[in-house]
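For reference, model-v4.pdb (PDB, C-alpha atoms):
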MODEL        1
ATOM      1  CA  MET A   1      70.980  64.468 112.951
ATOM      2  CA  LYS A   2      71.932  65.544 109.471
ATOM      3  CA  PRO A   3      69.251  65.740 106.802
ATOM      4  CA  ALA A   4      69.541  63.090 104.126
ATOM      5  CA  PRO A   5      71.196  64.315 100.934
ATOM      6  CA  GLN A   6      68.797  65.242  98.196
ATOM      7  CA  PHE A   7      70.370  64.559  94.855
ATOM      8  CA  LEU A   8      69.266  66.556  91.843
ATOM      9  CA  PRO A   9      69.001  65.045  88.389
ATOM     10  CA  PRO A  10      71.773  66.209  86.066
ATOM     11  CA  ARG A  11      71.041  69.455  84.205
ATOM     12  CA  GLN A  12      70.996  67.586  80.927
ATOM     13  CA  GLN A  13      68.167  65.333  82.140
ATOM     14  CA  VAL A  14      66.078  68.423  82.853
ATOM     15  CA  ILE A  15      66.777  69.719  79.340
ATOM     16  CA  TYR A  16      66.082  66.351  77.711
ATOM     17  CA  TRP A  17      62.819  66.006  79.658
ATOM     18  CA  HIS A  18      61.586  69.396  78.424
ATOM     19  CA  THR A  19      62.736  68.564  74.895
ATOM     20  CA  GLU A  20      60.905  65.242  74.835
ATOM     21  CA  LYS A  21      57.811  66.916  76.292
ATOM     22  CA  MET A  22      57.943  69.598  73.575
ATOM     23  CA  LEU A  23      58.393  67.010  70.816
ATOM     24  CA  ARG A  24      55.506  64.937  72.159
ATOM     25  CA  GLU A  25      53.085  67.831  72.706
ATOM     26  CA  THR A  26      53.804  69.810  69.540
ATOM     27  CA  GLY A  27      54.197  66.955  67.101
ATOM     28  CA  SER A  28      57.642  68.261  66.113
ATOM     29  CA  ASN A  29      60.372  65.836  65.227
ATOM     30  CA  ARG A  30      63.983  65.511  66.313
ATOM     31  CA  ARG A  31      65.397  66.461  62.943
ATOM     32  CA  SER A  32      63.518  69.753  62.723
ATOM     33  CA  PHE A  33      64.441  70.603  66.288
ATOM     34  CA  ALA A  34      68.055  69.632  65.575
ATOM     35  CA  MET A  35      68.104  72.194  62.767
ATOM     36  CA  GLU A  36      66.907  74.858  65.246
ATOM     37  CA  VAL A  37      69.641  73.868  67.690
ATOM     38  CA  ALA A  38      72.220  73.885  64.892
ATOM     39  CA  GLU A  39      71.174  77.367  63.739
ATOM     40  CA  ARG A  40      71.427  78.721  67.291
ATOM     41  CA  TYR A  41      74.720  76.971  67.924
ATOM     42  CA  LEU A  42      76.326  78.213  64.718
ATOM     43  CA  ALA A  43      75.071  81.754  65.378
ATOM     44  CA  MET A  44      76.277  81.799  68.997
ATOM     45  CA  TYR A  45      79.846  80.570  68.577
ATOM     46  CA  ALA A  46      82.702  81.537  66.313
ATOM     47  CA  GLU A  47      83.964  78.829  64.002
ATOM     48  CA  ASP A  48      87.151  78.302  66.034
ATOM     49  CA  ASP A  49      85.164  77.854  69.253
ATOM     50  CA  ARG A  50      82.739  75.215  67.986
ATOM     51  CA  ALA A  51      83.091  71.678  69.296
ATOM     52  CA  GLN A  52      79.933  70.290  67.647
ATOM     53  CA  PRO A  53      79.996  69.388  63.935
ATOM     54  CA  PHE A  54      76.599  70.896  63.124
ATOM     55  CA  ARG A  55      76.131  72.049  59.564
ATOM     56  CA  ILE A  56      73.709  74.118  57.595
ATOM     57  CA  THR A  57      74.538  74.240  53.920
ATOM     58  CA  GLN A  58      72.938  76.336  51.247
ATOM     59  CA  GLY A  59      71.191  74.645  48.369
ATOM     60  CA  GLY A  60      69.622  71.229  47.989
ATOM     61  CA  LYS A  61      71.383  69.499  50.905
ATOM     62  CA  VAL A  62      68.776  70.449  53.546
ATOM     63  CA  GLU A  63      67.615  66.856  54.076
ATOM     64  CA  ASP A  64      71.218  65.697  54.473
ATOM     65  CA  ASP A  65      71.785  68.439  57.058
ATOM     66  CA  LYS A  66      68.597  67.497  58.908
ATOM     67  CA  LYS A  67      69.718  63.880  59.066
ATOM     68  CA  HIS A  68      73.261  64.805  60.125
ATOM     69  CA  ASN A  69      72.168  67.298  62.811
ATOM     70  CA  GLY A  70      69.400  64.961  63.963
ATOM     71  CA  GLN A  71      71.963  62.201  64.539
ATOM     72  CA  ILE A  72      74.074  64.542  66.684
ATOM     73  CA  LEU A  73      71.068  65.533  68.774
ATOM     74  CA  GLY A  74      69.814  61.943  68.953
ATOM     75  CA  ARG A  75      73.094  60.712  70.440
ATOM     76  CA  TYR A  76      72.540  63.005  73.405
ATOM     77  CA  LEU A  77      68.828  62.233  73.827
ATOM     78  CA  ASP A  78      69.407  58.483  73.565
ATOM     79  CA  GLY A  79      72.268  58.545  76.094
ATOM     80  CA  THR A  80      74.968  57.465  73.637
ATOM     81  CA  VAL A  81      76.891  60.625  74.559
ATOM     82  CA  LYS A  82      76.761  60.889  78.337
ATOM     83  CA  SER A  83      77.538  64.552  78.969
ATOM     84  CA  LEU A  84      75.941  67.626  77.393
ATOM     85  CA  PRO A  85      78.590  70.339  76.852
ATOM     86  CA  VAL A  86      77.761  73.798  78.205
ATOM     87  CA  ASP A  87      78.039  75.501  74.808
ATOM     88  CA  LEU A  88      75.547  73.050  73.323
ATOM     89  CA  GLU A  89      73.293  73.406  76.384
ATOM     90  CA  ASP A  90      72.940  77.140  75.761
ATOM     91  CA  ALA A  91      72.007  76.690  72.114
ATOM     92  CA  TRP A  92      69.711  73.769  72.944
ATOM     93  CA  VAL A  93      67.704  75.610  75.615
ATOM     94  CA  CYS A  94      67.485  78.752  73.433
ATOM     95  CA  ALA A  95      66.112  76.624  70.583
ATOM     96  CA  LEU A  96      63.203  75.330  72.675
ATOM     97  CA  PRO A  97      59.978  77.090  71.679
ATOM     98  CA  GLN A  98      57.831  78.848  74.269
ATOM     99  CA  PRO A  99      56.545  77.935  76.818
ATOM    100  CA  TYR A 100      58.980  74.993  76.992
ATOM    101  CA  ARG A 101      62.027  77.261  77.045
ATOM    102  CA  ASP A 102      60.786  79.349  79.967
ATOM    103  CA  ASP A 103      59.753  76.210  81.861
ATOM    104  CA  CYS A 104      63.171  74.648  81.298
ATOM    105  CA  GLU A 105      65.016  77.862  82.279
ATOM    106  CA  ARG A 106      62.866  78.104  85.402
ATOM    107  CA  MET A 107      63.582  74.531  86.447
ATOM    108  CA  LEU A 108      67.328  74.979  85.849
ATOM    109  CA  ALA A 109      67.399  78.201  87.904
ATOM    110  CA  LEU A 110      65.357  76.643  90.707
ATOM    111  CA  ARG A 111      68.102  74.065  91.225
ATOM    112  CA  ARG A 112      70.249  76.891  92.622
ATOM    113  CA  GLY A 113      67.471  78.643  94.471
ATOM    114  CA  MET A 114      67.218  81.351  91.827
ATOM    115  CA  LEU A 115      64.260  82.815  89.986
ATOM    116  CA  SER A 116      64.254  82.798  86.202
ATOM    117  CA  VAL A 117      62.278  85.677  84.711
ATOM    118  CA  ARG A 118      62.479  86.813  81.110
ATOM    119  CA  MET A 119      64.082  90.255  80.830
ATOM    120  CA  PRO A 120      61.885  92.829  79.132
ATOM    121  CA  THR A 121      62.878  94.134  75.729
ATOM    122  CA  GLY A 122      61.982  97.207  73.775
ATOM    123  CA  GLU A 123      61.830 100.855  74.620
ATOM    124  CA  GLY A 124      58.333 101.664  75.757
ATOM    125  CA  LEU A 125      57.024 104.806  77.313
ATOM    126  CA  SER A 126      56.874 105.115  81.086
ATOM    127  CA  VAL A 127      53.076 105.230  80.908
ATOM    128  CA  ALA A 128      53.039 101.965  78.947
ATOM    129  CA  SER A 129      55.286 100.344  81.568
ATOM    130  CA  VAL A 130      52.969 101.427  84.371
ATOM    131  CA  VAL A 131      49.921 100.212  82.456
ATOM    132  CA  GLY A 132      51.639  96.854  81.851
ATOM    133  CA  LEU A 133      52.471  96.595  85.536
ATOM    134  CA  CYS A 134      48.859  97.275  86.529
ATOM    135  CA  GLN A 135      47.533  94.762  83.991
ATOM    136  CA  GLU A 136      49.882  92.052  85.224
ATOM    137  CA  TYR A 137      48.935  92.744  88.839
ATOM    138  CA  GLY A 138      45.269  92.475  87.905
ATOM    139  CA  GLN A 139      45.855  89.167  86.141
ATOM    140  CA  LEU A 140      47.667  87.816  89.203
ATOM    141  CA  MET A 141      44.775  88.838  91.436
ATOM    142  CA  GLU A 142      42.356  87.229  88.974
ATOM    143  CA  ALA A 143      44.366  84.006  89.140
ATOM    144  CA  LEU A 144      44.440  84.096  92.938
ATOM    145  CA  GLY A 145      40.682  84.726  93.226
ATOM    146  CA  PRO A 146      39.407  81.161  92.799
ATOM    147  CA  ALA A 147      42.144  79.774  95.034
ATOM    148  CA  LEU A 148      41.401  82.239  97.836
ATOM    149  CA  ALA A 149      37.604  82.002  97.539
ATOM    150  CA  ASN A 150      37.435  80.037 100.797
ATOM    151  CA  GLY A 151      39.859  82.393 102.570
ATOM    152  CA  ALA A 152      42.978  80.182 102.493
ATOM    153  CA  LEU A 153      45.225  78.241 100.165
ATOM    154  CA  GLY A 154      45.253  74.490 100.545
ATOM    155  CA  PRO A 155      45.750  71.204  98.680
ATOM    156  CA  GLU A 156      42.364  71.651  97.012
ATOM    157  CA  ASP A 157      43.807  74.657  95.134
ATOM    158  CA  ARG A 158      46.410  72.594  93.266
ATOM    159  CA  GLN A 159      44.664  73.185  89.913
ATOM    160  CA  HIS A 160      45.151  76.967  90.279
ATOM    161  CA  VAL A 161      48.882  76.857  91.070
ATOM    162  CA  PRO A 162      50.306  76.835  87.502
ATOM    163  CA  ARG A 163      48.336  79.951  86.517
ATOM    164  CA  ILE A 164      49.173  81.742  89.779
ATOM    165  CA  LYS A 165      52.872  81.059  89.272
ATOM    166  CA  ARG A 166      52.761  82.100  85.611
ATOM    167  CA  GLU A 167      50.947  85.355  86.390
ATOM    168  CA  GLY A 168      53.332  86.038  89.275
ATOM    169  CA  ARG A 169      56.342  85.688  86.985
ATOM    170  CA  ASP A 170      54.669  87.962  84.450
ATOM    171  CA  LEU A 171      54.206  90.543  87.204
ATOM    172  CA  ILE A 172      57.885  90.298  88.133
ATOM    173  CA  ALA A 173      58.805  90.825  84.464
ATOM    174  CA  ALA A 174      56.532  93.896  84.352
ATOM    175  CA  VAL A 175      58.283  95.318  87.444
ATOM    176  CA  LEU A 176      61.656  94.761  85.738
ATOM    177  CA  ALA A 177      60.358  96.447  82.575
ATOM    178  CA  LEU A 178      59.257  99.459  84.621
ATOM    179  CA  GLU A 179      62.630  99.558  86.369
ATOM    180  CA  ALA A 180      64.497  99.434  83.054
ATOM    181  CA  ASP A 181      62.214 102.128  81.639
ATOM    182  CA  VAL A 182      62.844 104.392  84.641
ATOM    183  CA  ASP A 183      66.615 103.927  84.318
ATOM    184  CA  ARG A 184      66.518 104.567  80.581
ATOM    185  CA  ASN A 185      64.397 107.714  80.874
ATOM    186  CA  VAL A 186      66.055 109.169  83.981
ATOM    187  CA  TYR A 187      69.698 108.150  83.638
ATOM    188  CA  GLY A 188      70.024 107.368  79.933
ATOM    189  CA  GLU A 189      70.963 104.013  78.450
ATOM    190  CA  GLY A 190      73.135 102.773  81.328
ATOM    191  CA  GLU A 191      71.769 101.341  84.532
ATOM    192  CA  THR A 192      72.793 102.937  87.814
TER
ENDMDL
END

Rewrite the structure from the file as structure tokens, please.
Amino acid sequence: MKPAPQFLPPRQQVIYWHTEKMLRETGSNRRSFAMEVAERYLAMYAEDDRAQPFRITQGGKVEDDKKHNGQILGRYLDGTVKSLPVDLEDAWVCALPQPYRDDCERMLALRRGMLSVRMPTGEGLSVASVVGLCQEYGQLMEALGPALANGALGPEDRQHVPRIKREGRDLIAAVLALEADVDRNVYGEGET
């Protein structure tokens, strides 16, 4: 017997859900967020490659730009335009503030069975990378403590899951930072 198909919501619904959640929880508005998306979009793509008519003008036309860009964004959120283009998706997700961006990236990666972890930046010392790794491990163990107090994980530990997952991802990022630091200090700039 074949398992029943499990259909996933379209990628754009995941993005819209996180956007609406961010707007609701932060008190932001569509027009301000549309300006963020427009700035990212215009910075990411050359003029000849742009399909979206976003605009950011200099001078006193900021309110006109907010209205214009807000209408573009609103057409997608309201379902007037049915399909979110990939180029706009990239700018849109990058414009989401934290932690909404990481949550959205994570949910999009999970659809393909992948893990989304923010890549470390900066050029720290090896000692700092090791210290960061140890701190993140400690925070993961601290998060696991209340859940494992009775010796096992179970449905009663549901309240601890978000923190455990968050600390686990932070630990993975610290391991990647250490790995990048080792490569940089041992092999130079390139990864081997």

Do you know which residues are at most 6 Å from region 87-104 of chain A counting all atoms listed in the file, after dropping those on the same chain fewer than 6 positions away, and could you put them as a list in words?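 After dropping sequence-adjacent residues, the list is Glu36, Val37, Arg40 and Tyr41 of chain A.
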
If you keep C-alpha atoms, can you produce a file of those selected residues as a CSV table (one decimal), keeping the file's coordinate frame?
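again05.csv was written with the following content:
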chain,number,residue,atom,x,y,z
A,36,GLU,CA,66.9,74.9,65.2
A,37,VAL,CA,69.6,73.9,67.7
A,40,ARG,CA,71.4,78.7,67.3
A,41,TYR,CA,74.7,77.0,67.9

Using all atoms listed in the file, which residues sit within 9 Å of Arg30 (chain A) once same-chain residues fewer than 2 positions away are excluded, as a list in words?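 Neighbouring residues, sequence-local ones excluded: Leu23, Ser28, Ser32, Phe33, Ala34, Met35, Lys66, Gly70, Gln71, Leu73 and Gly74 of chain A.
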
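Across the model, the gap from CA of Tyr76 (chain A) to CA of Thr57 (chain A) is 22.6 Å.
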
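You will find CA of Met107 (chain A) at 28.3 Å from CA of Pro53 (chain A).
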
For the file shown, report as a ChimeraX atom specification the outcome of the PyMOL selection byres ((chain A and resi 10-14) around 9) at residue level. /A:8-9,15-19,76-77,83-84,89,104,107-108,111

Could you list, as a PyMOL selection string, every residue within 7 Å of region 137-150 of chain A, counting all atoms listed in the file and ignoring same-chain residues fewer than 2 positions away? chain A and resi 133-135+152-153+157+160+163-164+167-168+171

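Coordinates place CA of Arg106 (chain A) at a distance of 11.1 Å from CA of Lys165 (chain A).
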